[in-house]
Amino acid sequence: MTSIKPLRLKGAPGSPYTRKMLAYLRYRHIPYEFLISDQPELEGFPTPKVALLPTFYLEKADGTLEAAVDSTPLIRRFEASYGGRGTLPTDPAAAFLNDLVEDYGDEWLTKAMFHYRWYYDADIDQAGTVLPHWRNIQADPEKLRALKGYFAERQISRLYVVGSNDTTAPVIEAAYARFLTVLDGLIEKQKFVFGGRPASADFALYAQLTQLARFDPTPAALCLKLAPRVFAWTDLVEDLSGQPAKEEAWTPLEELGANLRPLLEEIGRTYAPALLANAQALAAGAEQMETTIDGQKWVQPPFPYQAKCLQALRAGYSALDPASRNAVASILAGTGCDALFTEAP
C-alpha cells in the first residue's frame, strides 16, 4: 500500500478556520500533522505573506516548502489533489450555492464569533484565560496571566475591523439568533446543508459554531436555549471520518432549493447588503462603510478582502453554464442574495 505523506499545518483550537480545516481533513481521510502555534518545530519554516491560522506548509515540485493560508482556496486545492469523499456538490448549481453558503460562514458568521468573544465580560475572561494556554500549554502561570491581559486587549482593539461595535451589536446578535433557528430547521430535514453528506459549507458553518456554540459562554448558552440540535450537530461534525460519502446522498436540486430557502433569505438579509456596501465604500475610497442592514444602521471600516469575495462569487456565477445559472437565479430570486448578481457594487 502506498502511504500518503501527511500535510503539515500550524493552527490553534480557538481559530475557527483551523477547526474548519481539521474537520475537513478528517472527513476526507487526508493524513496531517497538526503543529500548535509557536512550537519550536516551526523554526525555519517559511512564513506566509499574511499571518493567518491555519498555515499549511505544502511541498513544492522542487522539494521546498511554501506557506499557504485561506481555507476556501485550500479546500479547492485539496479537492483537486486528493480523490474520493469530495465536499463540492457534483451539480454545478448546487456547487455554486455551496460556495455562497461557505462564504457566508467564513465572512459573516465570524463577525458574531469575534463580537461575542470580545464584547461581554464573561466571554472576554474565559477566552483571555484559555486561548494563551492553547498556544503555550507548558508556560508558567505568571507568563499566562500576562498573556491573558495582552491577548484580550489586542483582540478587543481589533473588534472594529470585523464590524463589532455598539451600533452594530443588535444587528449581529439578532442575526446569530435567527441563524441558529434556520440551521436547526434545515438539519432537521437533512443531516447536512446539501444533503446526507457534508459539503465544504458545512465545515465553514461548523467552524464558527465550535466557538459560538461550544466555547464562548454567552453565544453557547443562546445556542443551547434556541437550537439544541445545532449544539449537538457541531459535535457530530467535529469528526466525520466514519461518515459515508455516497453520491446519491446529495439532495436533488429541485428539493434543495426549497430546503435552503430560509438560510438563503438570512444570507440575503445580512451578508449580501454588507458585501455590496463594502464594495461601494472601497470604490468610493471611503474610510467608513455606512449602510442599513436588517433595517438598522451599520458602520465599520471597509474590508478589501470581502470585495474579493464578492468578485469571486460573481465570477463563479458568470462561469456557470446557462442552465445552471438559470437554476441558481430561480432559487435565489427574492432571497436578497440575488442582488449580489444584479446590482452594481
# chains A, B, ... in the order shown; residues from 1 in each chain; ligands from 1
>>> residues_around(residues="segment 112-124 of chain A", least_positions_apart="6", cutoff="9 Å", atoms="only C-alpha atoms", output="PDB file with N, CA and C atoms, in the first residue's frame")
ATOM      1  N   PRO A  16     -11.405  29.394  14.374  1.00  0.00           N
ATOM      2  CA  PRO A  16     -12.437  28.670  13.636  1.00  0.00           C
ATOM      3  C   PRO A  16     -11.936  28.065  12.333  1.00  0.00           C
ATOM      4  N   ALA A 152      -6.201  39.717  25.346  1.00  0.00           N
ATOM      5  CA  ALA A 152      -7.544  40.294  25.379  1.00  0.00           C
ATOM      6  C   ALA A 152      -7.539  41.734  24.876  1.00  0.00           C
ATOM      7  N   GLN A 155      -7.126  41.838  21.033  1.00  0.00           N
ATOM      8  CA  GLN A 155      -8.299  41.400  20.287  1.00  0.00           C
ATOM      9  C   GLN A 155      -9.447  42.394  20.417  1.00  0.00           C
ATOM     10  N   ILE A 156      -9.659  42.937  21.583  1.00  0.00           N
ATOM     11  CA  ILE A 156     -10.728  43.925  21.769  1.00  0.00           C
ATOM     12  C   ILE A 156     -10.464  45.148  20.909  1.00  0.00           C
ATOM     13  N   LEU A 159     -11.823  44.719  17.330  1.00  0.00           N
ATOM     14  CA  LEU A 159     -13.229  44.412  17.071  1.00  0.00           C
ATOM     15  C   LEU A 159     -13.800  45.244  15.924  1.00  0.00           C
ATOM     16  N   VAL A 162     -13.869  43.829  12.209  1.00  0.00           N
ATOM     17  CA  VAL A 162     -14.907  42.899  11.743  1.00  0.00           C
ATOM     18  C   VAL A 162     -16.292  43.519  11.800  1.00  0.00           C
ATOM     19  N   GLY A 163     -16.399  44.735  12.348  1.00  0.00           N
ATOM     20  CA  GLY A 163     -17.689  45.406  12.359  1.00  0.00           C
ATOM     21  C   GLY A 163     -18.445  45.309  13.658  1.00  0.00           C
ATOM     22  N   SER A 164     -17.801  44.859  14.722  1.00  0.00           N
ATOM     23  CA  SER A 164     -18.474  44.788  16.019  1.00  0.00           C
ATOM     24  C   SER A 164     -18.272  46.080  16.780  1.00  0.00           C
ATOM     25  N   ASN A 165     -19.370  46.759  17.075  1.00  0.00           N
ATOM     26  CA  ASN A 165     -19.340  47.983  17.870  1.00  0.00           C
ATOM     27  C   ASN A 165     -20.731  48.184  18.476  1.00  0.00           C
ATOM     28  N   ALA A 169     -23.949  45.960  17.242  1.00  0.00           N
ATOM     29  CA  ALA A 169     -24.185  44.821  18.136  1.00  0.00           C
ATOM     30  C   ALA A 169     -25.597  44.253  18.025  1.00  0.00           C
ATOM     31  N   ILE A 172     -25.863  42.135  14.778  1.00  0.00           N
ATOM     32  CA  ILE A 172     -25.085  40.896  14.858  1.00  0.00           C
ATOM     33  C   ILE A 172     -25.798  39.863  15.728  1.00  0.00           C
ATOM     34  N   GLU A 173     -26.293  40.293  16.871  1.00  0.00           N
ATOM     35  CA  GLU A 173     -26.896  39.349  17.810  1.00  0.00           C
ATOM     36  C   GLU A 173     -28.236  38.826  17.314  1.00  0.00           C
ATOM     37  N   ALA A 175     -29.033  38.526  14.177  1.00  0.00           N
ATOM     38  CA  ALA A 175     -28.716  37.654  13.042  1.00  0.00           C
ATOM     39  C   ALA A 175     -28.234  36.291  13.530  1.00  0.00           C
ATOM     40  N   TYR A 176     -27.442  36.263  14.588  1.00  0.00           N
ATOM     41  CA  TYR A 176     -26.961  34.988  15.135  1.00  0.00           C
ATOM     42  C   TYR A 176     -28.133  34.147  15.640  1.00  0.00           C
ATOM     43  N   GLN A 208     -17.312  28.181  12.802  1.00  0.00           N
ATOM     44  CA  GLN A 208     -17.688  29.300  13.660  1.00  0.00           C
ATOM     45  C   GLN A 208     -18.456  28.799  14.885  1.00  0.00           C
ATOM     46  N   LEU A 209     -19.236  27.725  14.713  1.00  0.00           N
ATOM     47  CA  LEU A 209     -20.010  27.182  15.823  1.00  0.00           C
ATOM     48  C   LEU A 209     -19.131  26.494  16.873  1.00  0.00           C
ATOM     49  N   GLN A 211     -16.800  27.760  18.242  1.00  0.00           N
ATOM     50  CA  GLN A 211     -16.569  28.829  19.209  1.00  0.00           C
ATOM     51  C   GLN A 211     -17.898  29.371  19.743  1.00  0.00           C
ATOM     52  N   LEU A 212     -18.822  29.686  18.832  1.00  0.00           N
ATOM     53  CA  LEU A 212     -20.094  30.291  19.230  1.00  0.00           C
ATOM     54  C   LEU A 212     -20.957  29.344  20.056  1.00  0.00           C
ATOM     55  N   PHE A 215     -17.877  27.029  22.909  1.00  0.00           N
ATOM     56  CA  PHE A 215     -16.800  27.547  23.757  1.00  0.00           C
ATOM     57  C   PHE A 215     -17.187  28.837  24.470  1.00  0.00           C
ATOM     58  N   ASP A 216     -17.518  29.877  23.737  1.00  0.00           N
ATOM     59  CA  ASP A 216     -17.796  31.172  24.360  1.00  0.00           C
ATOM     60  C   ASP A 216     -19.134  31.125  25.103  1.00  0.00           C
ATOM     61  N   PRO A 217     -19.168  31.474  26.393  1.00  0.00           N
ATOM     62  CA  PRO A 217     -20.349  31.188  27.216  1.00  0.00           C
ATOM     63  C   PRO A 217     -21.638  31.876  26.788  1.00  0.00           C
ATOM     64  N   THR A 218     -21.582  33.137  26.372  1.00  0.00           N
ATOM     65  CA  THR A 218     -22.815  33.844  26.043  1.00  0.00           C
ATOM     66  C   THR A 218     -23.494  33.266  24.810  1.00  0.00           C
ATOM     67  N   PRO A 219     -22.816  33.131  23.662  1.00  0.00           N
ATOM     68  CA  PRO A 219     -23.483  32.547  22.497  1.00  0.00           C
ATOM     69  C   PRO A 219     -23.764  31.062  22.652  1.00  0.00           C
TER      70      PRO A 219
END
>>> residues_around(residues="Ile36 of chain A", least_positions_apart="4", cutoff="6 Å", atoms="only C-alpha atoms", output="NGL selection string")
:A and (10-12)
>>> residues_around(residues="Ile4 of chain A", least_positions_apart="6", cutoff="10 Å", atoms="only C-alpha atoms", output="PDB file with N, CA and C atoms, in the first residue's frame")
ATOM      1  N   ILE A  30      -7.532  12.600   4.738  1.00  0.00           N
ATOM      2  CA  ILE A  30      -6.227  13.129   4.340  1.00  0.00           C
ATOM      3  C   ILE A  30      -5.348  13.200   5.591  1.00  0.00           C
ATOM      4  N   PRO A  31      -4.248  12.464   5.639  1.00  0.00           N
ATOM      5  CA  PRO A  31      -3.401  12.489   6.845  1.00  0.00           C
ATOM      6  C   PRO A  31      -2.745  13.853   7.027  1.00  0.00           C
ATOM      7  N   TYR A  32      -2.554  14.222   8.296  1.00  0.00           N
ATOM      8  CA  TYR A  32      -1.960  15.535   8.576  1.00  0.00           C
ATOM      9  C   TYR A  32      -1.168  15.492   9.871  1.00  0.00           C
ATOM     10  N   TYR A  82      -6.672  15.341  -4.058  1.00  0.00           N
ATOM     11  CA  TYR A  82      -6.978  14.088  -3.371  1.00  0.00           C
ATOM     12  C   TYR A  82      -8.332  13.564  -3.848  1.00  0.00           C
TER      13      TYR A  82
END
>>> atom_distance(atom1="atom CA of Gly295 of chain A", atom2="atom CA of Ile331 of chain A")
23.9 Å
>>> residues_around(residues="Asn326 of chain A", least_positions_apart="6", cutoff="10 Å", atoms="only C-alpha atoms", output="PDB file with C-alpha atoms, in the first residue's frame")
ATOM      1  CA  ALA A  93     -25.785  24.898  -9.474  1.00  0.00           C
ATOM      2  CA  LEU A 320     -21.985  28.689 -14.781  1.00  0.00           C
ATOM      3  CA  LEU A 332     -32.065  32.954  -5.286  1.00  0.00           C
TER       4      LEU A 332
END
>>> closest_residue(among="A:Leu74, A:Leu253, A:Leu7, A:Leu340", to="Glu33 of chain A", atoms="only C-alpha atoms")
A:Leu7
>>> residues_around(residues="Arg8 of chain A", least_positions_apart="2", cutoff="12 Å", atoms="only C-alpha atoms", output="mmCIF file with N, CA and C atoms, in the first residue's frame")
data_model
loop_
_atom_site.group_PDB
_atom_site.id
_atom_site.type_symbol
_atom_site.label_atom_id
_atom_site.label_comp_id
_atom_site.auth_asym_id
_atom_site.auth_seq_id
_atom_site.Cartn_x
_atom_site.Cartn_y
_atom_site.Cartn_z
ATOM 1 N N LYS A 5 1.838 11.152 2.132
ATOM 2 C CA LYS A 5 2.618 11.985 3.036
ATOM 3 C C LYS A 5 1.703 12.958 3.757
ATOM 4 N N PRO A 6 1.778 13.025 5.080
ATOM 5 C CA PRO A 6 0.870 13.906 5.813
ATOM 6 C C PRO A 6 1.084 15.374 5.468
ATOM 7 N N LYS A 10 -0.064 24.579 10.816
ATOM 8 C CA LYS A 10 0.011 25.249 12.106
ATOM 9 C C LYS A 10 -1.341 25.866 12.397
ATOM 10 N N GLY A 11 -1.799 25.730 13.637
ATOM 11 C CA GLY A 11 -3.079 26.318 13.992
ATOM 12 C C GLY A 11 -3.284 26.322 15.486
ATOM 13 N N MET A 21 -10.529 23.358 8.834
ATOM 14 C CA MET A 21 -9.638 22.534 8.034
ATOM 15 C C MET A 21 -9.365 21.183 8.677
ATOM 16 N N LEU A 22 -9.260 21.139 9.988
ATOM 17 C CA LEU A 22 -9.040 19.853 10.650
ATOM 18 C C LEU A 22 -10.227 18.915 10.432
ATOM 19 N N LEU A 25 -10.160 17.724 6.803
ATOM 20 C CA LEU A 25 -9.130 16.709 6.563
ATOM 21 C C LEU A 25 -9.550 15.359 7.144
ATOM 22 N N ILE A 30 -7.532 12.600 4.738
ATOM 23 C CA ILE A 30 -6.227 13.129 4.340
ATOM 24 C C ILE A 30 -5.348 13.200 5.591
ATOM 25 N N PRO A 31 -4.248 12.464 5.639
ATOM 26 C CA PRO A 31 -3.401 12.489 6.845
ATOM 27 C C PRO A 31 -2.745 13.853 7.027
ATOM 28 N N TYR A 32 -2.554 14.222 8.296
ATOM 29 C CA TYR A 32 -1.960 15.535 8.576
ATOM 30 C C TYR A 32 -1.168 15.492 9.871
ATOM 31 N N GLU A 33 -0.276 16.473 10.001
ATOM 32 C CA GLU A 33 0.441 16.728 11.245
ATOM 33 C C GLU A 33 0.035 18.121 11.707
ATOM 34 N N PHE A 34 -0.496 18.196 12.908
ATOM 35 C CA PHE A 34 -1.007 19.458 13.439
ATOM 36 C C PHE A 34 0.015 20.065 14.391
ATOM 37 N N LEU A 35 0.539 21.213 14.047
ATOM 38 C CA LEU A 35 1.551 21.896 14.837
ATOM 39 C C LEU A 35 0.919 23.096 15.520
ATOM 40 N N ILE A 36 0.852 23.052 16.841
ATOM 41 C CA ILE A 36 0.287 24.166 17.585
ATOM 42 C C ILE A 36 1.172 25.398 17.388
ATOM 43 N N GLU A 41 9.190 23.315 16.742
ATOM 44 C CA GLU A 41 9.309 22.564 15.489
ATOM 45 C C GLU A 41 9.088 23.445 14.266
ATOM 46 N N LEU A 42 8.513 24.636 14.454
ATOM 47 C CA LEU A 42 8.211 25.525 13.337
ATOM 48 C C LEU A 42 9.386 26.424 12.963
ATOM 49 N N PHE A 45 10.622 27.281 9.228
ATOM 50 C CA PHE A 45 9.555 27.116 8.246
ATOM 51 C C PHE A 45 9.289 28.455 7.562
ATOM 52 N N PRO A 54 -5.430 28.632 9.851
ATOM 53 C CA PRO A 54 -4.234 27.809 9.877
ATOM 54 C C PRO A 54 -3.282 28.171 8.739
ATOM 55 N N THR A 55 -2.009 27.861 8.951
ATOM 56 C CA THR A 55 -1.000 27.970 7.897
ATOM 57 C C THR A 55 -0.580 26.558 7.505
ATOM 58 N N PHE A 56 -0.698 26.243 6.223
ATOM 59 C CA PHE A 56 -0.262 24.944 5.711
ATOM 60 C C PHE A 56 1.130 25.088 5.121
ATOM 61 N N TYR A 57 1.978 24.079 5.347
ATOM 62 C CA TYR A 57 3.322 24.049 4.778
ATOM 63 C C TYR A 57 3.326 22.962 3.703
ATOM 64 N N LEU A 58 3.185 23.404 2.455
ATOM 65 C CA LEU A 58 2.995 22.493 1.334
ATOM 66 C C LEU A 58 4.283 22.368 0.526
ATOM 67 N N GLU A 59 4.579 21.140 0.139
ATOM 68 C CA GLU A 59 5.812 20.872 -0.603
ATOM 69 C C GLU A 59 5.641 21.224 -2.071
ATOM 70 N N LEU A 65 9.363 24.175 0.756
ATOM 71 C CA LEU A 65 8.037 24.381 1.321
ATOM 72 C C LEU A 65 7.507 25.771 1.005
ATOM 73 N N GLU A 66 6.202 25.852 0.804
ATOM 74 C CA GLU A 66 5.532 27.138 0.718
ATOM 75 C C GLU A 66 4.513 27.216 1.840
ATOM 76 N N ALA A 67 4.312 28.404 2.384
ATOM 77 C CA ALA A 67 3.319 28.621 3.433
ATOM 78 C C ALA A 67 2.049 29.128 2.774
ATOM 79 N N ALA A 68 0.948 28.393 2.940
ATOM 80 C CA ALA A 68 -0.310 28.731 2.293
ATOM 81 C C ALA A 68 -1.397 28.915 3.337
#
>>> closest_residue(among="A:Pro132, A:Gly83, A:Pro92, A:Gly44", to="Asp321 of chain A", atoms="only C-alpha atoms")
A:Pro92
>>> select_by_dssp(residues="segment 53-288 of chain A", states="strand (DSSP E or B)", output="ChimeraX atom specification")
/A:55-59,65-68,192,195,250
